[in-house]
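Student: Below are the structure tokens for one structure; questions will follow.
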Amino acid sequence: MARSDWWKKAVIYQIYPKSFKDSNGDGYGDLQGVVSKLDYLKDLGVDALWLSPIYLSPQVDNGYDISDYRKVDPIFGNNQDLETLISEAHKRSIKIIMDMVANDTSDQSIWFKESRKSKDNYFSDFYIWRDPKPDGSEPNNMGSNFGGSAWTFEPMRDQYYLHYYSKEQPDLNWENTKVRQAVYDMMRYWKAHGVDGWRMDIITSISKDQSFPDNPNPHGIKFVVANQNNGPRLHEFIQEMNQEVLTPFDMMSVGESPDAKSEDARNFVDPVRKELDMIFTFEHMHVDRVPGSVNGRWAIQPIDVVQLKRILANWQNTLRDHGWNALYFENHDRARTPSRWGNDKKYRYESATAFATVLHGLQGTPFIYQGEEIGMTNPKFQLSDYEDIELKTNYKKLVEQEKTINSEDFLRAANKISRDNARTPMQWNGSKNAGFSETKPWFKLNPNYTEINVQRDLDSEKSVFNYFKSLIDLRHNNLLLTEGKFKLLLPNHPQIFAYLRYSQEKTWLIIANLSDHQVDNNLSNEYSYGKILLHNYRNKITFNKLNPYEAAIIEITVK
Ligand code: GLC
């Protein structure tokens with residue numbers, strides 16, 4: 001059966017439901033809140049919504065710990081509300097992509113509650129159980145992403161279970177056919193309710209080396225986080241899922257793939273392999289991280305624009321005719337781009353739109369994260385304001401126990417890159433609680449909501465929102481952005497990101513100065529400039545001298 005490829009011309013918008021819009025005044029965003037904003041999203045022009053998890057969950061990891069895959073969590077509404085959302089979205093030709101978290105479940109899932117009880121019930125092998133070492137310690141030195149060991153002891157079985165994330169998120173045992181079939185059944189269930197596709201949470205972690213060797217330990221620490229991806233049966237499992245569900249039910253898929261390099265990506269997304277449509281890489285998101293530090297993502301450094309270009313260009317070239325890119329800078333696990341890589345004070349509009357220009361000009365499917373389309377910024381909280389389990393557990397591990405980073409540097413990093421930066425409530429207007437809720441929201445608002453909000457952007461001609469609208473419009477109306485070839489220019493220029501998209505008929509230049517000062521280039525020696533399709537400054541563009549964060553998309557001819 002042929003797969004449809006609507007997603008190649010689409011722009012997808014991610015909703016983090018808890019922080020999007022509260023309709024019933026309990027301080028949590030919910031599904032009816034999303035329904036109430038569908039016209040806004042239609043106006044923006046997006047083709048599909050990816051909903052972060054809305055399933056029943058104890059919310060240890062904000063819904064990425066699911067206790068019932070088929071039930072909507074009461075904080076978000078009920079299953080009927082989800083059906084309403086799906087049908088109201090479909091009426092507006094907006095598709096719905098759900099988050100599929102199938103590497104692990106919540107420890108409150110009935111599957112795990114049964115599994116932990118004994119070694120011989122139906123669910124016993126649904127999770128990964130191993131005996132202690134003779135001295136009673138963990139089966140190996142694997143660390144959890146949220147600190148401590150990746151193994152937790154269960155006295156009822158006298159065994160340890162594996163969890164790559166919190167101990168409340170036990171990893172499923174994909175070696176067990178019953179587990180795989182249960183996941184495929186759940187996918188078919190949601191297809192029957194109108195869901196159009198899946199964002200697959202850490203899908204590259206589902207297969208594990210069953211011998212569970214120790215991780216290499218160059219820094220001599222107790223528990224080491226490494227080797228959580230690309231296990232021996234990964235491609236076999238994904239191919240099976242494709243045959244069982246994705247192809248027969250024509251569902252779109254984008255898999256989260258933390259370690260993938262562009263060459264690995266082909267193995268997931270080359271259509272001949274019949275696996276996934278796209279993957280989210282992390283490679284380009286590490287360009288402001290000190291390589292190889294024990295402090296991982298908390299070891300920050302200024303953005304390296306040359307690296308960013310090299311990585312994105314490499315993905316463009318490697319996947320050309322062998323797959324499709326998922327393009328993103330922001331999501332619920334990433335900070336706000338103007339604060340992280342741009343300038344969120346003097347050049348907030350310019351830096352938000354400059355980064356958007358270089359991303360949306362690429363080949364692939366652009367993903368916009370809620371609030372990105374109005375240039376929301378990081379809130380600069382104190383440590384006690386943060387909620388995220390990742391931040392709290394890493395603080396404990398790195399600052400308090402291992403003492404590899406001090407509290408001030410950790411806070412500085414948190415202000416720049418922590419996941420909570422993206423999770424503050426959506427800023428709809430300048431009134432109380434930013435129009436997000438009638439009551440105090442579950443998570444602190446960014447106090448700048450009186451200046452940065454949707455209403456304000458809708459009311460002004462020059463706004464990040466209108467710029468995003470134009471970018472989406474350009475993509476919808478110009479096959480060149482979908483199909484045109486790609487060529488990186490000025491690869492070693494430390495501030496300018498410039499590239500061509502071209503076909504036999506025409507060539508566009510996508511160019512941005514990713515710095516807060518004026519910079520020169522000599523592209524006008526080679527190109528004659530024609531129609532300006534998009535530009536984030538009002539004045540006439542001076543091609544060889546770009547203003548801070550100046551960006552444009554221009555039709556050109558080669559001299
Ligand atoms: C993915 C999610 C992240 C979550 C983790 C564990 O990386 O995007 O938010 O914490 O999986 O489920």
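Naming works like this for the structure tokens: A, B, ... for the chains as they're shown, residue 1 at the start of each chain, ligands 1 onward in shown order.
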May I ask you to write as a list in words all residues lying at most 7 Å from ligand 1, with only C-alpha atoms and all ligand atoms counted?
Tutor: Asp61, Tyr64, Asp65, Val101, Tyr165, Asp201, Ile202, His332 and Asp333 of chain A
Student: Restrict the selected residues to N, CA and C atoms and save them as an mmCIF file, in the first residue's frame.
Tutor:
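After the write, again.cif holds the following:
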data_model
loop_
_atom_site.group_PDB
_atom_site.id
_atom_site.type_symbol
_atom_site.label_atom_id
_atom_site.label_comp_id
_atom_site.auth_asym_id
_atom_site.auth_seq_id
_atom_site.Cartn_x
_atom_site.Cartn_y
_atom_site.Cartn_z
ATOM 1 N N ASP A 61 6.839 12.913 35.280
ATOM 2 C CA ASP A 61 7.628 13.534 34.221
ATOM 3 C C ASP A 61 6.664 14.228 33.245
ATOM 4 N N TYR A 64 4.974 12.138 30.541
ATOM 5 C CA TYR A 64 5.806 11.151 29.827
ATOM 6 C C TYR A 64 5.937 9.874 30.664
ATOM 7 N N ASP A 65 5.133 9.777 31.697
ATOM 8 C CA ASP A 65 5.031 8.564 32.519
ATOM 9 C C ASP A 65 3.554 8.152 32.470
ATOM 10 N N VAL A 101 4.669 7.115 23.842
ATOM 11 C CA VAL A 101 5.769 6.881 24.784
ATOM 12 C C VAL A 101 5.796 5.388 25.052
ATOM 13 N N TYR A 165 14.976 6.472 32.726
ATOM 14 C CA TYR A 165 14.606 7.782 33.283
ATOM 15 C C TYR A 165 14.291 7.566 34.765
ATOM 16 N N ASP A 201 8.435 8.921 21.264
ATOM 17 C CA ASP A 201 9.355 9.282 22.333
ATOM 18 C C ASP A 201 10.522 8.281 22.407
ATOM 19 N N ILE A 202 11.753 8.809 22.487
ATOM 20 C CA ILE A 202 12.975 7.992 22.571
ATOM 21 C C ILE A 202 12.828 6.587 21.962
ATOM 22 N N HIS A 332 9.474 20.932 23.935
ATOM 23 C CA HIS A 332 9.262 20.964 25.385
ATOM 24 C C HIS A 332 10.512 20.570 26.168
ATOM 25 N N ASP A 333 11.557 20.102 25.475
ATOM 26 C CA ASP A 333 12.807 19.737 26.145
ATOM 27 C C ASP A 333 13.915 20.759 25.875
#
Student: Please produce, as CSV, a per-residue contact table for range 262-348 of chain A versus range 211-220 of chain A (criterion: any atom at most 12 Å away, only C-alpha atoms considered), showing the nearest atom pair and its distance in Å to one decimal, sorted by chain then residue number.
Tutor:
residue,atom,partner,partner_atom,distance
A:Gly292,CA,A:His219,CA,10.5
A:Ser293,CA,A:His219,CA,9.8
A:Val294,CA,A:His219,CA,7.6
A:Asn295,CA,A:His219,CA,11.2
Student: Can you work out the spacing between CA of Ser115 in chain A and CA of Val183 in chain A in Å, to one decimal?
Tutor: 16.4 Å
Student: Contacts of Ser166 in chain A at 10 Å or less, counting only C-alpha atoms, minus same-chain residues fewer than 2 places along, as a list in words?
Tutor: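 In the requested format, the answer is Val60, Asp61, Asp65, Ser106, Asp107, Ser144, Asn145, Phe146, Gly147, Gly148, Ser149, Ala150, Trp151, Thr152, Leu162, His163, Tyr164, Glu168, Gln169, Pro170, Asp171, Ile389, Glu390 and Thr393 of chain A.
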Student: Keeping only N, CA, C and O atoms, write the selected residues as a CSV table (one decimal), in the first residue's frame.
Tutor:
chain,number,residue,atom,x,y,z
A,60,VAL,N,4.8,12.4,37.0
A,60,VAL,CA,6.1,12.5,37.6
A,60,VAL,C,7.0,13.2,36.6
A,60,VAL,O,7.9,14.0,36.9
A,61,ASP,N,6.8,12.9,35.3
A,61,ASP,CA,7.6,13.5,34.2
A,61,ASP,C,6.7,14.2,33.2
A,61,ASP,O,6.7,14.0,32.0
A,65,ASP,N,5.1,9.8,31.7
A,65,ASP,CA,5.0,8.6,32.5
A,65,ASP,C,3.6,8.2,32.5
A,65,ASP,O,2.7,8.7,33.2
A,106,SER,N,4.5,4.3,33.1
A,106,SER,CA,4.5,4.7,34.6
A,106,SER,C,4.6,3.4,35.4
A,106,SER,O,4.1,2.4,35.0
A,107,ASP,N,5.1,3.5,36.6
A,107,ASP,CA,5.1,2.4,37.5
A,107,ASP,C,3.7,2.2,38.0
A,107,ASP,O,3.4,1.1,38.7
A,144,SER,N,20.8,6.4,35.3
A,144,SER,CA,19.5,6.9,34.8
A,144,SER,C,19.7,8.4,34.3
A,144,SER,O,20.6,9.1,34.9
A,145,ASN,N,19.0,8.8,33.3
A,145,ASN,CA,19.1,10.2,32.8
A,145,ASN,C,18.7,11.2,33.9
A,145,ASN,O,18.9,12.3,33.8
A,146,PHE,N,17.9,10.7,34.9
A,146,PHE,CA,17.5,11.6,36.0
A,146,PHE,C,18.3,11.3,37.2
A,146,PHE,O,17.8,11.6,38.4
A,147,GLY,N,19.5,10.8,37.1
A,147,GLY,CA,20.4,10.7,38.3
A,147,GLY,C,20.3,9.3,38.9
A,147,GLY,O,19.3,8.6,38.8
A,148,GLY,N,21.4,8.9,39.6
A,148,GLY,CA,21.4,7.6,40.3
A,148,GLY,C,21.5,6.4,39.3
A,148,GLY,O,21.8,6.6,38.1
A,149,SER,N,21.2,5.2,39.8
A,149,SER,CA,21.3,4.0,39.0
A,149,SER,C,20.1,3.9,38.1
A,149,SER,O,19.0,4.5,38.4
A,150,ALA,N,20.3,3.2,37.0
A,150,ALA,CA,19.1,2.9,36.1
A,150,ALA,C,18.4,1.7,36.6
A,150,ALA,O,17.5,1.2,35.9
A,151,TRP,N,18.8,1.1,37.7
A,151,TRP,CA,18.1,-0.1,38.2
A,151,TRP,C,17.5,0.2,39.6
A,151,TRP,O,18.2,0.9,40.4
A,152,THR,N,16.3,-0.3,39.8
A,152,THR,CA,15.7,-0.2,41.2
A,152,THR,C,15.3,-1.5,41.6
A,152,THR,O,14.7,-2.3,40.9
A,162,LEU,N,14.8,-2.2,35.2
A,162,LEU,CA,15.5,-1.1,34.5
A,162,LEU,C,14.7,0.1,34.2
A,162,LEU,O,13.5,0.0,33.8
A,163,HIS,N,15.3,1.3,34.4
A,163,HIS,CA,14.6,2.5,34.0
A,163,HIS,C,15.6,3.5,33.5
A,163,HIS,O,16.4,4.0,34.3
A,164,TYR,N,15.6,3.9,32.3
A,164,TYR,CA,16.5,4.9,31.7
A,164,TYR,C,16.2,6.3,32.3
A,164,TYR,O,17.1,7.1,32.3
A,168,GLU,N,10.1,5.8,38.5
A,168,GLU,CA,8.7,5.7,38.2
A,168,GLU,C,8.4,5.5,36.7
A,168,GLU,O,7.2,5.5,36.3
A,169,GLN,N,9.4,5.3,35.9
A,169,GLN,CA,9.3,5.1,34.5
A,169,GLN,C,10.0,3.8,34.0
A,169,GLN,O,11.0,3.9,33.3
A,170,PRO,N,9.5,2.6,34.5
A,170,PRO,CA,10.2,1.4,34.1
A,170,PRO,C,10.2,1.1,32.6
A,170,PRO,O,9.2,1.4,31.9
A,171,ASP,N,11.3,0.7,32.1
A,171,ASP,CA,11.4,0.4,30.6
A,171,ASP,C,10.7,-0.9,30.2
A,171,ASP,O,10.8,-1.9,30.9
A,389,ILE,N,11.7,17.5,36.8
A,389,ILE,CA,12.4,16.4,37.5
A,389,ILE,C,13.8,16.2,37.0
A,389,ILE,O,14.8,15.9,37.7
A,390,GLU,N,14.1,16.5,35.7
A,390,GLU,CA,15.4,16.4,35.1
A,390,GLU,C,16.4,17.4,35.8
A,390,GLU,O,17.5,17.0,36.2
A,393,THR,N,16.8,16.4,39.7
A,393,THR,CA,17.7,15.2,39.9
A,393,THR,C,19.1,15.5,39.5
A,393,THR,O,20.0,15.0,40.1
Student: Tell me, which residues of range 182-261 of chain A carry DSSP strand (DSSP E or B), written as a list of chain:residue names?
Tutor: A:Gly197, A:Trp198, A:Arg199, A:Met200, A:Val224, A:Met252, A:Ser253, A:Val254, A:Gly255, A:Glu256, A:Ser257
Student: Counting only C-alpha atoms, figure out which residue out of A:Phe153, A:Phe543, A:Trp508, A:Trp50 gets nearest to Phe367 in chain A.
Tutor: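 Answer, going by the shortest atom-to-atom distance: A:Trp50.
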Student: Point out the residue among A:Val46, A:Leu523, A:Leu490, A:Val245 with the least atom-to-atom distance to Ala182 in chain A, counting only C-alpha atoms.
Tutor: A:Val245
Student: DSSP on the backbone, alpha helix (DSSP H) only: what residues of range 242-388 of chain A does that give? Format it as an MDAnalysis selection string.
Tutor: chainID A and resid 262:269 305:319 337:340 348:360
Student: Counting only C-alpha atoms, figure out which residue out of A:Ser257, A:Ser463, A:Asn331, A:Ser515 gets nearest to Tyr16 in chain A.
Tutor: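 Nearest to Tyr16 in chain A: A:Asn331.
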Student: So which one's closest to Thr353 in chain A, A:Leu488, A:Val464, A:Val272, A:Leu246? Using only C-alpha atoms, please.
Tutor: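 Closest to Thr353 in chain A of all the choices is A:Val464.
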